[in-house]
Amino acid sequence: EGEEEKILRAAQILVDEGIAKPILLGDEDEIKANAAAANIDLSGITIIDQSKSEMVKDYTEEFYTMRQRKGITQAEAKRIMRKSRNHFGSMMVLKGDADSLLSGINHHYPETIRPALEVIGKRDGLSKVHGMYMMVTKKEATFFADTTVAIEPTAEELAETAILTAQKAQQFDFEPRVAMLSFSNFGSAAHPLTVKVKRATAMVKAQAPDLVVEGEMQANVALDPDLVEKQYPFSKLKGDANVFIFPDLQSGNIAYKLLHKLGGAEQIGPILMGMKKPVHVLQRGDAVADIINMAAVAVVDAQEYAANNK
């Protein structure tokens, strides 16, 4: 299946299952031709060709106002709104013409995030946006962060990641138990890298005192109740972590991919956290099931946003 056919099949299933009302951006004739060739019913699916849409005028004015002091001319703003589906889709979300943006199957990760940041932006009070994966095995679901955005986070950014990921876990009806991961256990190895995680843990405890969080700690300790009972009985986390905050993007990205390939865990993500309005990113090569999973995440995020902004 090509990427376009995957999107169409996923959109049809989302309609059939009552999960969402998909809006597809692109050339209407081309989308209809692809759907006909794949025997896909477009009932319940809205198609918008941004190159011809009447919304371009208002969106251009809005985007030009936002970016005129960042080097964008009015002519460039109009061209971007007509050509870039990620900018146009982000503007739809900003203006309330769509509830969430899901994009990226044909783009590299930054190509999706950058337009969304330019148009929608990160939430006030945050240093940056963060990326998370939900890893689902036959026994349980766990949350890994940051796996996609913050390459070398500061202690402040690690704390931010931990709190946002815990909130996301709660959004999916999980009680978060957060492990701040390192190669040290509670001061056993003094190094700037471990001290950073220790500082981040203290910040999380100060900012979210009701959250069960411990660190710095090794991954095996976060998952071994007997070891914790014997060696670290003071720990609030009893070897039952379900939220794992990695000290840098390298370790988080490697860990989730190993768990997926070697451990057989289903990966749902990347789930973007910290945007003002819901935006989520697909990966190149995602299957239809991955697209549907991410659309469901986008729906939950949109519902949460609507509930908090009545």
# chains A, B, ... in the order shown; residues from 1 in each chain; ligands from 1
call {"tool": "residues_around", "arguments": {"residues": "range 151-166 of chain A", "least_positions_apart": "4", "cutoff": "6 Å", "atoms": "only C-alpha atoms", "output": "list in words"}}
result
Pro176, Lys196, Ala200, Val204, Asp248 and Leu249 of chain A
call {"tool": "residues_around", "arguments": {"residues": "range 102-115 of chain A", "least_positions_apart": "4", "cutoff": "8 Å", "atoms": "only C-alpha atoms", "output": "mmCIF file with N, CA, C and O atoms, in the first residue's frame"}}
result
data_model
loop_
_atom_site.group_PDB
_atom_site.id
_atom_site.type_symbol
_atom_site.label_atom_id
_atom_site.label_comp_id
_atom_site.auth_asym_id
_atom_site.auth_seq_id
_atom_site.Cartn_x
_atom_site.Cartn_y
_atom_site.Cartn_z
ATOM 1 N N GLU A 3 1.389 5.429 0.772
ATOM 2 C CA GLU A 3 1.015 6.239 1.935
ATOM 3 C C GLU A 3 -0.388 6.830 1.785
ATOM 4 O O GLU A 3 -1.153 6.895 2.749
ATOM 5 N N ASN A 86 0.753 21.302 6.087
ATOM 6 C CA ASN A 86 0.994 21.367 7.528
ATOM 7 C C ASN A 86 0.699 22.759 8.088
ATOM 8 O O ASN A 86 0.161 22.890 9.192
ATOM 9 N N HIS A 87 1.054 23.809 7.341
ATOM 10 C CA HIS A 87 0.703 25.166 7.776
ATOM 11 C C HIS A 87 -0.807 25.376 7.720
ATOM 12 O O HIS A 87 -1.409 25.922 8.653
ATOM 13 N N SER A 90 -2.503 23.356 10.457
ATOM 14 C CA SER A 90 -2.252 23.992 11.762
ATOM 15 C C SER A 90 -3.152 25.204 11.945
ATOM 16 O O SER A 90 -3.682 25.443 13.043
ATOM 17 N N VAL A 119 2.573 28.278 13.797
ATOM 18 C CA VAL A 119 1.171 28.703 13.745
ATOM 19 C C VAL A 119 0.493 28.593 15.111
ATOM 20 O O VAL A 119 -0.150 29.536 15.583
ATOM 21 N N VAL A 279 -1.797 18.612 18.388
ATOM 22 C CA VAL A 279 -1.065 18.295 17.160
ATOM 23 C C VAL A 279 -0.342 16.975 17.391
ATOM 24 O O VAL A 279 0.297 16.794 18.432
ATOM 25 N N HIS A 280 -0.449 16.057 16.431
ATOM 26 C CA HIS A 280 0.264 14.785 16.559
ATOM 27 C C HIS A 280 0.903 14.396 15.243
ATOM 28 O O HIS A 280 0.475 14.823 14.178
ATOM 29 N N VAL A 281 1.935 13.569 15.350
ATOM 30 C CA VAL A 281 2.816 13.307 14.220
ATOM 31 C C VAL A 281 2.841 11.818 13.892
ATOM 32 O O VAL A 281 2.990 10.983 14.789
ATOM 33 N N LEU A 282 2.697 11.506 12.618
ATOM 34 C CA LEU A 282 2.874 10.143 12.134
ATOM 35 C C LEU A 282 4.329 9.939 11.743
ATOM 36 O O LEU A 282 5.073 10.895 11.536
ATOM 37 N N GLN A 283 4.723 8.683 11.634
ATOM 38 C CA GLN A 283 6.066 8.353 11.172
ATOM 39 C C GLN A 283 6.009 7.824 9.746
ATOM 40 O O GLN A 283 5.027 7.191 9.351
ATOM 41 N N ARG A 284 7.066 8.064 9.009
ATOM 42 C CA ARG A 284 7.175 7.448 7.692
ATOM 43 C C ARG A 284 7.106 5.930 7.843
ATOM 44 O O ARG A 284 7.751 5.354 8.716
ATOM 45 N N GLY A 285 6.295 5.306 7.004
ATOM 46 C CA GLY A 285 6.181 3.849 7.060
ATOM 47 C C GLY A 285 5.124 3.341 8.014
ATOM 48 O O GLY A 285 4.940 2.126 8.155
ATOM 49 N N ASP A 286 4.413 4.238 8.709
ATOM 50 C CA ASP A 286 3.344 3.799 9.599
ATOM 51 C C ASP A 286 2.303 2.963 8.838
ATOM 52 O O ASP A 286 1.951 3.274 7.699
ATOM 53 N N MET A 294 -2.988 6.642 16.311
ATOM 54 C CA MET A 294 -2.623 8.037 16.520
ATOM 55 C C MET A 294 -3.831 8.963 16.370
ATOM 56 O O MET A 294 -3.937 9.983 17.052
ATOM 57 N N ALA A 295 -4.750 8.614 15.478
ATOM 58 C CA ALA A 295 -5.978 9.398 15.350
ATOM 59 C C ALA A 295 -6.798 9.311 16.638
ATOM 60 O O ALA A 295 -7.383 10.307 17.086
ATOM 61 N N ALA A 298 -5.248 11.570 19.066
ATOM 62 C CA ALA A 298 -5.591 12.950 18.719
ATOM 63 C C ALA A 298 -7.007 13.299 19.171
ATOM 64 O O ALA A 298 -7.265 14.416 19.632
#
call {"tool": "select_by_dssp", "arguments": {"residues": "range 139-196 of chain A", "states": "strand (DSSP E or B)", "output": "PyMOL selection string"}}
result
chain A and resi 141-145+177-181
call {"tool": "atom_distance", "arguments": {"atom1": "CA of Phe244 in chain A", "atom2": "CA of Ala287 in chain A"}}
result
25.7 Å
